[in-house]
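Single-structure report; data block below.
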Amino acid sequence: DDPLFGARIGIVESNLSYAVEYDGQRTEEFRVTAFDYPRLLQADAQIEFPSYANHEPEFAEDVRQVTAVEGSIVNFSFMLNKPVANAVLVSDGGQNVPLETSLNDPQVYEATLPMQQSRHYTLQLTDAQGRGNKRPPLISLNVLPNRRPDIKLTFPGRDQRVSPLEEMLVTGTIRDDFGVVTYGIAYTIGDAVPNFVTLDPQGGSMQQVSQHIR
């Protein structure tokens with residue numbers, strides 16, 4: 001608003017020139033230059049899982065947070081409102097991950113992040129005139145650990161005494177968050193070297209295995 005003339009200029013979306021006329025007079029011409037601060041429009045993520053997860057890649061559209069198992073790789077694509085001079089992810093530990101411009105779109109910037117531990121990043125943008133993004137968005141990686149298999153000996157539940165010719169039954173259960181590929185047993189007689197026996201030589205992908213051994 002102009003307190004003298006009471007004029008109101010609306011939203012400026014592009015460069016413009018104007019002058020004020022009053023009482024048959026006209027002012028000099030004024031020029032208004034419009035610009036946008038760099039900002040993130042959308043972030044997409046392609047998640048590639050490690051081989052042990054036995055999981056197909058996933059695509060997550062318009063996300064700021066990714067949760068995946070340890071060892072996964074996330075390929076981020078950041079769509080901006082305009083090309084910028086510099087784009088970088090700054091981690092909570094102080095490391096910088098520079099973004100590369102996509103070959104297909106000059107407003108898309110890409111980065112590949114390994115998921116070894118949970119971490120937070122801020123997306124810092126700087127345009128050709130040195131202007132930064134007003135509110136750098138937070139990008140979060142939540143890493144799920146690959147837990148060790150849960151192995152339980154269900155029988156016998158206590159020490160056993162058997163004769164040299166007697167068979168002994170052993171029953172056990174194995175559970176794993178991603179699946180049991182192969183399993184076996186190791187046993188020692190006296191002071192001899194341990195013997196290792198693979199019980200499932202063909203492998204598999206079961207999450208729970210129960211086995212009786214004689």
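Naming scheme: A, B, ... for chains in displayed order of the structure tokens; residues 1 onward per chain; ligands 1 onward as shown.
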
| request: Would you mind listing what lies within 10 Å of Gly132 in chain A as a list in words, with only C-alpha atoms counted and same-chain residues fewer than 2 positions away left out? | output: Tyr37, Pro38, Arg39, Val84, Asn86, Ala87, Gln124, Leu125, Thr126, Asp127, Ala128, Gln129, Gly130, Lys134, Arg135 and Pro136 of chain A

Deliver the residues from the most recent selection as a file, using C-alpha atoms, as a short mmCIF file (atom, residue, chain, number, x, y, z; two decimals), in the first residue's frame.
data_model
loop_
_atom_site.label_atom_id
_atom_site.label_comp_id
_atom_site.auth_asym_id
_atom_site.auth_seq_id
_atom_site.Cartn_x
_atom_site.Cartn_y
_atom_site.Cartn_z
CA TYR A 37 13.79 -18.76 -3.31
CA PRO A 38 14.89 -22.32 -4.10
CA ARG A 39 12.67 -24.92 -2.48
CA VAL A 84 20.18 -24.27 -8.43
CA ASN A 86 24.41 -25.96 -5.26
CA ALA A 87 22.39 -28.70 -3.60
CA GLN A 124 20.48 -27.14 1.70
CA LEU A 125 19.90 -25.28 -1.58
CA THR A 126 21.64 -22.23 -3.06
CA ASP A 127 20.56 -20.58 -6.32
CA ALA A 128 22.73 -18.76 -8.87
CA GLN A 129 22.28 -15.44 -7.01
CA GLY A 130 23.43 -16.95 -3.70
CA LYS A 134 14.17 -20.45 3.58
CA ARG A 135 13.14 -23.63 5.41
CA PRO A 136 15.50 -26.54 4.59
#

| field | Those in range 57-118 of chain A with strand (DSSP E) from DSSP, as JSON, numbers by chain | value | {"A": [58, 59, 60, 65, 66, 67, 68, 69, 73, 74, 75, 76, 77, 78, 79, 80, 86, 87, 88, 89, 90, 91, 96, 97, 98, 100, 101, 108, 109, 110, 111, 112, 113, 114]}

Would you export the selected residues with N, CA, C and O atoms as a short mmCIF file (atom, residue, chain, number, x, y, z; two decimals), in the first residue's frame, please?
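So part_24.cif came out as:
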data_model
loop_
_atom_site.label_atom_id
_atom_site.label_comp_id
_atom_site.auth_asym_id
_atom_site.auth_seq_id
_atom_site.Cartn_x
_atom_site.Cartn_y
_atom_site.Cartn_z
N GLU A 58 11.61 -51.25 -3.85
CA GLU A 58 10.37 -50.51 -3.66
C GLU A 58 10.57 -49.06 -4.05
O GLU A 58 11.65 -48.50 -3.90
N PHE A 59 9.48 -48.45 -4.54
CA PHE A 59 9.50 -47.03 -4.90
C PHE A 59 8.53 -46.30 -3.97
O PHE A 59 7.37 -46.69 -3.84
N ALA A 60 9.02 -45.26 -3.31
CA ALA A 60 8.20 -44.46 -2.41
C ALA A 60 8.11 -43.04 -2.96
O ALA A 60 9.13 -42.38 -3.17
N GLN A 65 10.72 -39.39 4.83
CA GLN A 65 11.25 -40.36 5.78
C GLN A 65 11.22 -41.75 5.14
O GLN A 65 10.21 -42.15 4.57
N VAL A 66 12.34 -42.46 5.24
CA VAL A 66 12.46 -43.81 4.69
C VAL A 66 12.88 -44.76 5.81
O VAL A 66 13.82 -44.47 6.55
N THR A 67 12.17 -45.89 5.92
CA THR A 67 12.51 -46.92 6.89
C THR A 67 12.81 -48.21 6.14
O THR A 67 12.01 -48.66 5.33
N ALA A 68 13.99 -48.76 6.37
CA ALA A 68 14.40 -49.99 5.68
C ALA A 68 15.42 -50.72 6.53
O ALA A 68 16.00 -50.17 7.47
N VAL A 69 15.66 -51.99 6.17
CA VAL A 69 16.57 -52.82 6.94
C VAL A 69 18.02 -52.42 6.68
O VAL A 69 18.36 -51.85 5.63
N ILE A 73 19.98 -49.65 0.26
CA ILE A 73 20.48 -48.46 -0.43
C ILE A 73 19.27 -47.66 -0.91
O ILE A 73 18.34 -48.21 -1.51
N VAL A 74 19.29 -46.35 -0.66
CA VAL A 74 18.19 -45.48 -1.06
C VAL A 74 18.69 -44.51 -2.13
O VAL A 74 19.68 -43.80 -1.93
N ASN A 75 18.01 -44.51 -3.26
CA ASN A 75 18.29 -43.56 -4.34
C ASN A 75 17.22 -42.47 -4.31
O ASN A 75 16.06 -42.71 -4.66
N PHE A 76 17.61 -41.29 -3.86
CA PHE A 76 16.68 -40.17 -3.74
C PHE A 76 16.66 -39.33 -5.02
O PHE A 76 17.69 -39.10 -5.65
N SER A 77 15.46 -38.83 -5.36
CA SER A 77 15.28 -37.84 -6.43
C SER A 77 14.54 -36.65 -5.83
O SER A 77 13.44 -36.82 -5.28
N PHE A 78 15.14 -35.47 -5.93
CA PHE A 78 14.54 -34.26 -5.36
C PHE A 78 14.11 -33.33 -6.48
O PHE A 78 14.96 -32.82 -7.23
N MET A 79 12.81 -33.09 -6.60
CA MET A 79 12.29 -32.15 -7.58
C MET A 79 12.24 -30.77 -6.95
O MET A 79 11.57 -30.56 -5.92
N LEU A 80 12.95 -29.80 -7.55
CA LEU A 80 13.00 -28.44 -7.04
C LEU A 80 12.14 -27.52 -7.89
O LEU A 80 11.72 -27.88 -9.00
N ASN A 86 23.85 -24.98 -6.19
CA ASN A 86 24.41 -25.96 -5.26
C ASN A 86 23.28 -26.62 -4.48
O ASN A 86 22.35 -25.95 -4.01
N ALA A 87 23.36 -27.94 -4.38
CA ALA A 87 22.39 -28.70 -3.60
C ALA A 87 23.14 -29.76 -2.82
O ALA A 87 23.91 -30.53 -3.40
N VAL A 88 22.93 -29.81 -1.51
CA VAL A 88 23.68 -30.74 -0.68
C VAL A 88 22.81 -31.20 0.48
O VAL A 88 21.98 -30.44 1.00
N LEU A 89 22.99 -32.46 0.88
CA LEU A 89 22.37 -32.99 2.08
C LEU A 89 23.40 -32.90 3.21
O LEU A 89 24.52 -33.39 3.07
N VAL A 90 23.02 -32.28 4.32
CA VAL A 90 23.90 -32.13 5.47
C VAL A 90 23.37 -33.02 6.59
O VAL A 90 22.24 -32.85 7.04
N SER A 91 24.19 -33.98 7.02
CA SER A 91 23.75 -34.94 8.03
C SER A 91 23.84 -34.34 9.43
O SER A 91 24.52 -33.33 9.65
N ASN A 96 28.62 -33.87 4.54
CA ASN A 96 27.90 -33.32 3.38
C ASN A 96 27.83 -34.35 2.27
O ASN A 96 28.81 -35.02 1.95
N VAL A 97 26.63 -34.48 1.69
CA VAL A 97 26.42 -35.37 0.54
C VAL A 97 25.98 -34.51 -0.63
O VAL A 97 24.81 -34.09 -0.70
N PRO A 98 26.87 -34.18 -1.58
CA PRO A 98 26.47 -33.36 -2.73
C PRO A 98 25.46 -34.10 -3.61
O PRO A 98 25.54 -35.31 -3.78
N GLU A 100 23.65 -34.62 -7.36
CA GLU A 100 23.97 -34.51 -8.78
C GLU A 100 22.71 -34.18 -9.57
O GLU A 100 21.62 -34.68 -9.28
N THR A 101 22.87 -33.34 -10.59
CA THR A 101 21.73 -33.00 -11.45
C THR A 101 21.34 -34.20 -12.30
O THR A 101 22.19 -34.87 -12.87
N VAL A 108 15.74 -31.65 -11.26
CA VAL A 108 15.76 -32.83 -10.41
C VAL A 108 17.20 -33.12 -9.99
O VAL A 108 18.10 -33.16 -10.83
N TYR A 109 17.40 -33.33 -8.70
CA TYR A 109 18.73 -33.60 -8.16
C TYR A 109 18.70 -34.94 -7.43
O TYR A 109 17.71 -35.28 -6.76
N GLU A 110 19.79 -35.70 -7.56
CA GLU A 110 19.78 -37.09 -7.09
C GLU A 110 20.93 -37.35 -6.11
O GLU A 110 21.98 -36.71 -6.17
N ALA A 111 20.69 -38.32 -5.23
CA ALA A 111 21.72 -38.75 -4.28
C ALA A 111 21.45 -40.20 -3.89
O ALA A 111 20.30 -40.64 -3.83
N THR A 112 22.53 -40.95 -3.65
CA THR A 112 22.44 -42.33 -3.19
C THR A 112 22.97 -42.42 -1.78
O THR A 112 24.09 -42.00 -1.50
N LEU A 113 22.15 -42.98 -0.88
CA LEU A 113 22.51 -43.04 0.53
C LEU A 113 22.49 -44.49 1.02
O LEU A 113 21.45 -45.15 0.91
N PRO A 114 23.61 -45.00 1.54
CA PRO A 114 23.59 -46.34 2.15
C PRO A 114 22.96 -46.27 3.53
O PRO A 114 23.17 -45.32 4.28
#
